[in-house]
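Dumped final_27.pdb below, it's PDB, C-alpha atoms and all ligand atoms:
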```pdb
ATOM      1  CA  MET A   1      45.110  58.673  26.356
ATOM      2  CA  ASP A   2      43.169  56.403  23.999
ATOM      3  CA  ILE A   3      45.213  54.627  21.360
ATOM      4  CA  VAL A   4      43.315  53.017  18.505
ATOM      5  CA  ILE A   5      45.128  50.801  16.011
ATOM      6  CA  THR A   6      43.486  50.481  12.631
ATOM      7  CA  GLY A   7      44.118  48.046   9.778
ATOM      8  CA  ASN A   8      44.772  50.537   7.027
ATOM      9  CA  TYR A   9      44.859  54.188   6.003
ATOM     10  CA  GLU A  10      41.172  54.308   5.013
ATOM     11  CA  GLU A  11      40.085  52.854   8.348
ATOM     12  CA  MET A  12      42.249  55.418  10.173
ATOM     13  CA  GLY A  13      40.548  58.190   8.223
ATOM     14  CA  ARG A  14      37.078  56.793   8.916
ATOM     15  CA  SER A  15      37.773  56.511  12.659
ATOM     16  CA  ALA A  16      39.058  60.093  12.899
ATOM     17  CA  ALA A  17      36.217  61.446  10.770
ATOM     18  CA  GLY A  18      33.724  59.556  12.948
ATOM     19  CA  ILE A  19      34.980  61.340  16.067
ATOM     20  CA  ILE A  20      34.815  64.738  14.344
ATOM     21  CA  ALA A  21      31.349  64.020  12.893
ATOM     22  CA  GLU A  22      29.972  63.035  16.282
ATOM     23  CA  LEU A  23      31.062  66.394  17.690
ATOM     24  CA  VAL A  24      29.596  68.282  14.722
ATOM     25  CA  ARG A  25      26.255  66.493  15.274
ATOM     26  CA  THR A  26      26.130  67.096  19.021
ATOM     27  CA  LYS A  27      27.655  70.593  18.971
ATOM     28  CA  PRO A  28      26.953  72.127  15.544
ATOM     29  CA  ALA A  29      28.770  75.374  16.414
ATOM     30  CA  CYS A  30      31.944  73.556  17.429
ATOM     31  CA  VAL A  31      35.494  74.761  16.792
ATOM     32  CA  LEU A  32      37.687  72.398  14.786
ATOM     33  CA  GLY A  33      41.454  72.596  14.407
ATOM     34  CA  PHE A  34      42.691  71.193  11.110
ATOM     35  CA  ALA A  35      46.044  70.016   9.777
ATOM     36  CA  THR A  36      47.492  69.670   6.287
ATOM     37  CA  GLY A  37      49.653  66.949   4.746
ATOM     38  CA  GLY A  38      49.139  63.477   3.385
ATOM     39  CA  THR A  39      47.938  62.024   6.685
ATOM     40  CA  PRO A  40      44.548  63.796   7.053
ATOM     41  CA  VAL A  41      43.423  63.517   3.400
ATOM     42  CA  GLY A  42      41.524  60.268   4.091
ATOM     43  CA  THR A  43      39.810  61.865   7.091
ATOM     44  CA  TYR A  44      38.739  64.824   4.944
ATOM     45  CA  ARG A  45      37.518  62.470   2.210
ATOM     46  CA  GLU A  46      35.293  60.715   4.743
ATOM     47  CA  LEU A  47      33.944  64.008   6.129
ATOM     48  CA  ILE A  48      33.075  65.042   2.560
ATOM     49  CA  ARG A  49      31.293  61.716   2.030
ATOM     50  CA  MET A  50      29.314  62.185   5.239
ATOM     51  CA  HIS A  51      28.339  65.678   4.152
ATOM     52  CA  ARG A  52      27.166  64.481   0.725
ATOM     53  CA  GLU A  53      25.533  61.207   1.687
ATOM     54  CA  GLU A  54      24.392  61.775   5.255
ATOM     55  CA  GLY A  55      23.836  65.528   5.242
ATOM     56  CA  LEU A  56      26.490  66.226   7.886
ATOM     57  CA  ASP A  57      26.080  69.967   8.370
ATOM     58  CA  PHE A  58      29.176  72.151   8.744
ATOM     59  CA  SER A  59      27.348  75.470   8.429
ATOM     60  CA  LYS A  60      27.973  76.521  12.034
ATOM     61  CA  ILE A  61      31.497  75.203  12.623
ATOM     62  CA  LYS A  62      34.520  77.446  13.000
ATOM     63  CA  THR A  63      37.914  76.193  11.860
ATOM     64  CA  PHE A  64      41.503  77.055  12.729
ATOM     65  CA  ASN A  65      44.408  75.578  10.809
ATOM     66  CA  LEU A  66      47.700  74.802  12.465
ATOM     67  CA  ASP A  67      50.099  76.510  10.090
ATOM     68  CA  GLU A  68      50.989  78.173   6.811
ATOM     69  CA  TYR A  69      54.160  79.083   4.950
ATOM     70  CA  LEU A  70      55.220  82.696   5.322
ATOM     71  CA  GLY A  71      55.385  84.552   2.022
ATOM     72  CA  ILE A  72      52.775  82.619   0.079
ATOM     73  CA  GLY A  73      48.981  82.595  -0.033
ATOM     74  CA  MET A  74      46.252  80.841  -1.971
ATOM     75  CA  ASP A  75      46.269  81.794  -5.642
ATOM     76  CA  ILE A  76      43.302  80.094  -7.257
ATOM     77  CA  SER A  77      44.441  81.186 -10.733
ATOM     78  CA  LYS A  78      47.402  78.791 -10.460
ATOM     79  CA  PRO A  79      47.103  75.007 -10.891
ATOM     80  CA  TYR A  80      46.852  73.203  -7.538
ATOM     81  CA  GLU A  81      50.249  71.481  -7.947
ATOM     82  CA  ILE A  82      51.965  74.860  -8.317
ATOM     83  CA  ASP A  83      50.117  76.588  -5.447
ATOM     84  CA  GLN A  84      51.804  75.124  -2.365
ATOM     85  CA  SER A  85      49.900  77.202   0.190
ATOM     86  CA  TYR A  86      48.175  75.312   2.954
ATOM     87  CA  ALA A  87      45.140  77.517   2.331
ATOM     88  CA  ARG A  88      44.886  76.017  -1.153
ATOM     89  CA  PHE A  89      45.333  72.513   0.244
ATOM     90  CA  MET A  90      42.426  73.006   2.642
ATOM     91  CA  HIS A  91      40.287  74.516  -0.105
ATOM     92  CA  GLU A  92      40.923  71.611  -2.480
ATOM     93  CA  GLU A  93      40.901  68.750   0.009
ATOM     94  CA  LEU A  94      38.002  69.807   2.234
ATOM     95  CA  PHE A  95      36.488  73.266   2.313
ATOM     96  CA  LYS A  96      35.205  73.568  -1.249
ATOM     97  CA  HIS A  97      33.350  70.260  -0.846
ATOM     98  CA  ILE A  98      31.430  71.037   2.362
ATOM     99  CA  ASN A  99      29.142  73.811   3.573
ATOM    100  CA  VAL A 100      31.563  75.562   5.941
ATOM    101  CA  ARG A 101      31.119  79.341   5.813
ATOM    102  CA  LYS A 102      34.092  81.240   4.402
ATOM    103  CA  GLU A 103      34.052  83.738   7.262
ATOM    104  CA  ASN A 104      34.359  80.892   9.771
ATOM    105  CA  ILE A 105      37.589  79.549   8.248
ATOM    106  CA  HIS A 106      40.871  80.642   9.846
ATOM    107  CA  ILE A 107      44.242  79.805   8.329
ATOM    108  CA  PRO A 108      47.385  81.734   9.262
ATOM    109  CA  ASP A 109      47.832  84.426   6.619
ATOM    110  CA  GLY A 110      51.114  83.732   4.836
ATOM    111  CA  LEU A 111      50.928  87.082   3.083
ATOM    112  CA  THR A 112      50.581  89.187   6.216
ATOM    113  CA  LYS A 113      52.837  92.235   6.341
ATOM    114  CA  GLU A 114      52.792  92.136  10.162
ATOM    115  CA  PRO A 115      53.512  88.500  11.086
ATOM    116  CA  GLU A 116      53.931  89.075  14.813
ATOM    117  CA  GLU A 117      50.789  91.178  15.064
ATOM    118  CA  PHE A 118      48.942  88.544  13.038
ATOM    119  CA  CYS A 119      50.063  85.750  15.382
ATOM    120  CA  ARG A 120      48.776  87.667  18.410
ATOM    121  CA  TRP A 121      45.453  88.211  16.622
ATOM    122  CA  TYR A 122      45.225  84.486  15.748
ATOM    123  CA  GLU A 123      45.630  83.507  19.392
ATOM    124  CA  GLU A 124      42.955  86.023  20.402
ATOM    125  CA  GLU A 125      40.631  84.800  17.686
ATOM    126  CA  ILE A 126      40.911  81.209  18.969
ATOM    127  CA  LYS A 127      40.005  82.477  22.445
ATOM    128  CA  ARG A 128      37.082  84.558  21.113
ATOM    129  CA  ALA A 129      35.755  81.431  19.377
ATOM    130  CA  GLY A 130      35.746  79.697  22.783
ATOM    131  CA  GLY A 131      38.844  77.536  22.230
ATOM    132  CA  ILE A 132      39.382  74.541  19.968
ATOM    133  CA  ASP A 133      37.143  71.534  20.654
ATOM    134  CA  ILE A 134      39.035  68.994  18.554
ATOM    135  CA  GLN A 135      42.514  69.601  17.165
ATOM    136  CA  LEU A 136      43.423  67.177  14.393
ATOM    137  CA  LEU A 137      47.180  66.507  14.301
ATOM    138  CA  GLY A 138      49.704  64.539  12.282
ATOM    139  CA  ILE A 139      53.369  64.138  13.139
ATOM    140  CA  GLY A 140      56.413  65.077  11.055
ATOM    141  CA  GLY A 141      59.251  62.642  10.385
ATOM    142  CA  ASP A 142      61.338  64.533  12.976
ATOM    143  CA  GLY A 143      58.497  64.510  15.486
ATOM    144  CA  HIS A 144      57.169  67.988  14.827
ATOM    145  CA  TRP A 145      53.609  69.130  15.436
ATOM    146  CA  ALA A 146      52.514  71.851  13.030
ATOM    147  CA  PHE A 147      55.762  73.749  12.254
ATOM    148  CA  ASN A 148      57.075  73.412  15.790
ATOM    149  CA  GLU A 149      60.469  72.225  14.727
ATOM    150  CA  PRO A 150      62.814  70.358  17.104
ATOM    151  CA  GLY A 151      63.912  72.719  19.868
ATOM    152  CA  SER A 152      60.637  74.702  19.942
ATOM    153  CA  SER A 153      59.488  75.526  23.425
ATOM    154  CA  LEU A 154      56.770  73.209  24.677
ATOM    155  CA  ALA A 155      55.044  76.356  25.992
ATOM    156  CA  SER A 156      55.264  78.181  22.637
ATOM    157  CA  ARG A 157      52.409  80.192  21.171
ATOM    158  CA  THR A 158      51.471  81.073  17.583
ATOM    159  CA  ARG A 159      54.551  82.636  15.999
ATOM    160  CA  VAL A 160      56.982  82.833  13.104
ATOM    161  CA  GLN A 161      59.202  79.770  12.897
ATOM    162  CA  ALA A 162      62.290  79.186  10.739
ATOM    163  CA  LEU A 163      62.132  75.845   8.967
ATOM    164  CA  THR A 164      64.886  73.317   9.584
ATOM    165  CA  LYS A 165      67.058  71.884   6.829
ATOM    166  CA  GLN A 166      65.276  68.530   7.245
ATOM    167  CA  THR A 167      61.841  70.122   6.663
ATOM    168  CA  LEU A 168      63.126  72.116   3.688
ATOM    169  CA  ASP A 169      64.640  68.954   2.183
ATOM    170  CA  ASP A 170      61.422  66.958   2.793
ATOM    171  CA  ASN A 171      59.225  69.681   1.312
ATOM    172  CA  TYR A 172      61.462  70.062  -1.700
ATOM    173  CA  GLU A 173      61.371  66.353  -2.449
ATOM    174  CA  SER A 174      57.626  65.962  -1.751
ATOM    175  CA  PHE A 175      56.283  69.062  -3.482
ATOM    176  CA  TYR A 176      58.511  71.764  -4.885
ATOM    177  CA  ARG A 177      60.730  69.703  -7.174
ATOM    178  CA  LYS A 178      57.613  68.301  -8.935
ATOM    179  CA  ALA A 179      56.187  71.814  -9.222
ATOM    180  CA  GLY A 180      59.411  73.020 -10.876
ATOM    181  CA  ILE A 181      60.111  75.499  -8.051
ATOM    182  CA  LYS A 182      63.788  76.058  -7.164
ATOM    183  CA  ARG A 183      64.950  75.148  -3.682
ATOM    184  CA  GLU A 184      66.083  78.703  -2.966
ATOM    185  CA  ASP A 185      62.618  80.007  -3.902
ATOM    186  CA  MET A 186      60.845  77.823  -1.338
ATOM    187  CA  PRO A 187      59.491  79.540   1.780
ATOM    188  CA  HIS A 188      62.050  79.283   4.583
ATOM    189  CA  PHE A 189      59.712  80.500   7.349
ATOM    190  CA  ALA A 190      56.226  79.594   8.494
ATOM    191  CA  LEU A 191      53.479  80.816  10.799
ATOM    192  CA  THR A 192      52.547  78.110  13.262
ATOM    193  CA  MET A 193      50.369  77.552  16.281
ATOM    194  CA  GLY A 194      52.640  76.879  19.227
ATOM    195  CA  ILE A 195      52.778  73.721  21.291
ATOM    196  CA  GLY A 196      51.208  75.648  24.181
ATOM    197  CA  THR A 197      48.370  76.689  21.861
ATOM    198  CA  ILE A 198      47.789  73.111  20.712
ATOM    199  CA  LEU A 199      47.788  71.813  24.285
ATOM    200  CA  GLU A 200      44.844  74.107  25.083
ATOM    201  CA  SER A 201      42.573  72.245  22.652
ATOM    202  CA  ARG A 202      39.961  70.255  24.553
ATOM    203  CA  HIS A 203      40.585  67.081  22.536
ATOM    204  CA  ALA A 204      43.830  66.297  20.708
ATOM    205  CA  LEU A 205      43.211  63.825  17.896
ATOM    206  CA  MET A 206      46.483  62.601  16.426
ATOM    207  CA  ILE A 207      46.548  60.329  13.395
ATOM    208  CA  VAL A 208      49.611  58.610  11.944
ATOM    209  CA  ASN A 209      50.140  56.160   9.119
ATOM    210  CA  GLY A 210      53.064  54.427   7.473
ATOM    211  CA  ILE A 211      55.943  52.299   8.702
ATOM    212  CA  ARG A 212      58.380  55.212   8.272
ATOM    213  CA  LYS A 213      56.648  56.997  11.195
ATOM    214  CA  ALA A 214      56.772  53.954  13.550
ATOM    215  CA  GLY A 215      59.980  55.042  15.315
ATOM    216  CA  ILE A 216      58.953  58.649  15.843
ATOM    217  CA  VAL A 217      55.474  57.598  17.062
ATOM    218  CA  SER A 218      56.992  55.434  19.761
ATOM    219  CA  GLU A 219      59.390  58.265  20.719
ATOM    220  CA  ALA A 220      56.517  60.747  20.953
ATOM    221  CA  ILE A 221      54.163  58.523  22.938
ATOM    222  CA  GLU A 222      56.512  56.386  25.016
ATOM    223  CA  GLY A 223      59.796  58.262  24.951
ATOM    224  CA  PRO A 224      60.907  61.138  27.173
ATOM    225  CA  LEU A 225      59.105  64.458  26.987
ATOM    226  CA  THR A 226      61.489  66.564  24.922
ATOM    227  CA  SER A 227      61.498  69.613  22.689
ATOM    228  CA  LYS A 228      63.556  67.525  20.249
ATOM    229  CA  VAL A 229      60.286  65.721  19.471
ATOM    230  CA  THR A 230      57.696  68.436  19.908
ATOM    231  CA  ALA A 231      54.821  65.959  19.485
ATOM    232  CA  SER A 232      55.961  64.301  22.741
ATOM    233  CA  ALA A 233      54.025  67.188  24.324
ATOM    234  CA  ILE A 234      50.991  64.969  23.768
ATOM    235  CA  GLN A 235      52.030  63.391  27.089
ATOM    236  CA  LEU A 236      51.325  66.753  28.736
ATOM    237  CA  HIS A 237      47.878  67.280  27.244
ATOM    238  CA  PRO A 238      45.498  67.847  30.142
ATOM    239  CA  GLY A 239      42.315  67.104  28.188
ATOM    240  CA  LYS A 240      41.145  64.207  26.067
ATOM    241  CA  VAL A 241      43.721  62.584  23.801
ATOM    242  CA  THR A 242      42.983  60.080  21.032
ATOM    243  CA  ILE A 243      45.737  58.634  18.871
ATOM    244  CA  ILE A 244      44.639  56.675  15.826
ATOM    245  CA  LEU A 245      47.424  54.700  14.211
ATOM    246  CA  GLU A 246      47.566  52.655  11.088
ATOM    247  CA  LYS A 247      49.021  49.281  12.177
ATOM    248  CA  PRO A 248      52.517  49.745  10.643
ATOM    249  CA  ALA A 249      52.886  53.102  12.438
ATOM    250  CA  ALA A 250      52.124  51.339  15.752
ATOM    251  CA  SER A 251      54.632  48.552  15.217
ATOM    252  CA  LYS A 252      57.372  50.017  17.429
ATOM    253  CA  LEU A 253      55.183  50.707  20.466
ATOM    254  CA  THR A 254      56.321  48.408  23.268
ATOM    255  CA  TRP A 255      52.799  47.062  23.859
ATOM    256  CA  SER A 256      51.851  46.949  20.174
ATOM    257  CA  ILE A 257      49.158  44.356  19.416
ATOM    258  CA  GLY A 258      51.403  43.221  16.569
ATOM    259  CA  LYS A 259      53.812  41.837  19.166
ATOM    260  CA  ALA A 260      51.318  40.576  21.764
TER     261      ALA A 260
HETATM  262  C1  LIG A 301      50.730  70.332   8.895
HETATM  263  C2  LIG A 301      51.251  69.776  10.147
HETATM  264  C3  LIG A 301      52.439  68.882  10.122
HETATM  265  C4  LIG A 301      52.122  67.532   9.503
HETATM  266  C5  LIG A 301      53.357  66.643   9.471
HETATM  267  C6  LIG A 301      53.074  65.335   8.775
HETATM  268  O1  LIG A 301      49.614  71.189   9.121
HETATM  269  O2  LIG A 301      50.733  70.061  11.175
HETATM  270  O3  LIG A 301      52.909  68.678  11.427
HETATM  271  O4  LIG A 301      51.107  66.914  10.245
HETATM  272  O5  LIG A 301      54.410  67.288   8.832
HETATM  273  O6  LIG A 301      52.872  65.544   7.408
HETATM  274  P1  LIG A 301      52.312  64.383   6.503
HETATM  275  O7  LIG A 301      50.901  64.136   6.913
HETATM  276  O8  LIG A 301      52.376  64.929   5.088
HETATM  277  O9  LIG A 301      53.189  63.200   6.725
END
```

Kindly present the structure from the file in structure tokens form.
Amino acid sequence: MDIVITGNYEEMGRSAAGIIAELVRTKPACVLGFATGGTPVGTYRELIRMHREEGLDFSKIKTFNLDEYLGIGMDISKPYEIDQSYARFMHEELFKHINVRKENIHIPDGLTKEPEEFCRWYEEEIKRAGGIDIQLLGIGGDGHWAFNEPGSSLASRTRVQALTKQTLDDNYESFYRKAGIKREDMPHFALTMGIGTILESRHALMIVNGIRKAGIVSEAIEGPLTSKVTASAIQLHPGKVTIILEKPAASKLTWSIGKA
């Protein structure tokens, strides 16, 4: 497990993007797992810069996103702040700015009429693509990876997951209230890759910023392996693991350079 501590959010994004870009250069037809949220935006910004200024070519990559709300899908006719789908997030924050092919993009389909069938297909599709080379990951305030809420099996696969009250509260405060959407109209379920699915990626690349994540980062990395903190499964990852932390997020690690 490599842990890299960076000075600020931008540096964290540049480091993560550098690792992804190196793979794209050496293996143009690589398979990338992407995440949504505030954490990876800087990484995506840097990948877009590399595409524009350095000609980084994404034309052969395949992508698989971690999760999507059940019941909503991208609606390009709506303003971005109203369309809360993760598909829209990826479109706005990365995909529309780079030369990834539409048919190579995979995001769980929040509008599927057959969620369980869809989840089985998603797992198969990852296998058919040859598995995920790099899976980019954040961590939720309660230690979740993707929508693997506390209590999710560490062997779980892609599936429908009910959202916890904490996630619903967080999402309401961060997004839906501003968008004028009522709490009861928010999606209460999601489609998510499982922890077992994520652990099959060849390289897990977790990025975390902000002092408010310092406690949960130390629990995930140094605490006991537990389904209460599903990201603690990083300790089980059999392949390559890189964790890039903004300094404040690393401040509660026992060996943190801040305390040395
Ligand atoms: C989203 C995902 C989530 C987020 C986590 C942190 O695809 O996988 O686990 O990484 O909720 O979200 P932010 O980055 O907004 O703090």

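If you look at atom CA of A:Lys247 and atom CA of A:Gly13, they are 12.9 Å away from each other.
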
Identify all residues satisfying the PyMOL selection byres (((not hetatm)) within 6 of (chain A and resi 301)) in the given file; provide them as a CSV table (one decimal) with C-alpha atoms, keeping the file's coordinate frame.
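And here is the file that came out, expr.csv:
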```
chain,number,residue,atom,x,y,z
A,35,ALA,CA,46.0,70.0,9.8
A,36,THR,CA,47.5,69.7,6.3
A,37,GLY,CA,49.7,66.9,4.7
A,38,GLY,CA,49.1,63.5,3.4
A,39,THR,CA,47.9,62.0,6.7
A,66,LEU,CA,47.7,74.8,12.5
A,67,ASP,CA,50.1,76.5,10.1
A,137,LEU,CA,47.2,66.5,14.3
A,138,GLY,CA,49.7,64.5,12.3
A,139,ILE,CA,53.4,64.1,13.1
A,140,GLY,CA,56.4,65.1,11.1
A,144,HIS,CA,57.2,68.0,14.8
A,145,TRP,CA,53.6,69.1,15.4
A,146,ALA,CA,52.5,71.9,13.0
A,147,PHE,CA,55.8,73.7,12.3
```

Taking every listed atom of stretch 71-79 of chain A and adding 5 Å to each side, what centre and edge lengths in Å (one decimal) does the axis-aligned box have, as AutoDock Vina command-line options?
```
--center_x 49.3 --center_y 79.8 --center_z -4.4 --size_x 22.1 --size_y 19.5 --size_z 22.9
```

Inset, instruction - Evaluate the PyMOL selection byres (((chain A and resi 250) around 12) and not hetatm) here and jot the selected residues down as a ChimeraX atom specification. - result: /A:3-8,207-222,243-249,251-259

Inset, instruction - Quick one: apply the PyMOL selection byres (((chain A and resi 156-169) around 6) and not hetatm) to the file and drop the selected residues here as a count of residues only. - result: 17
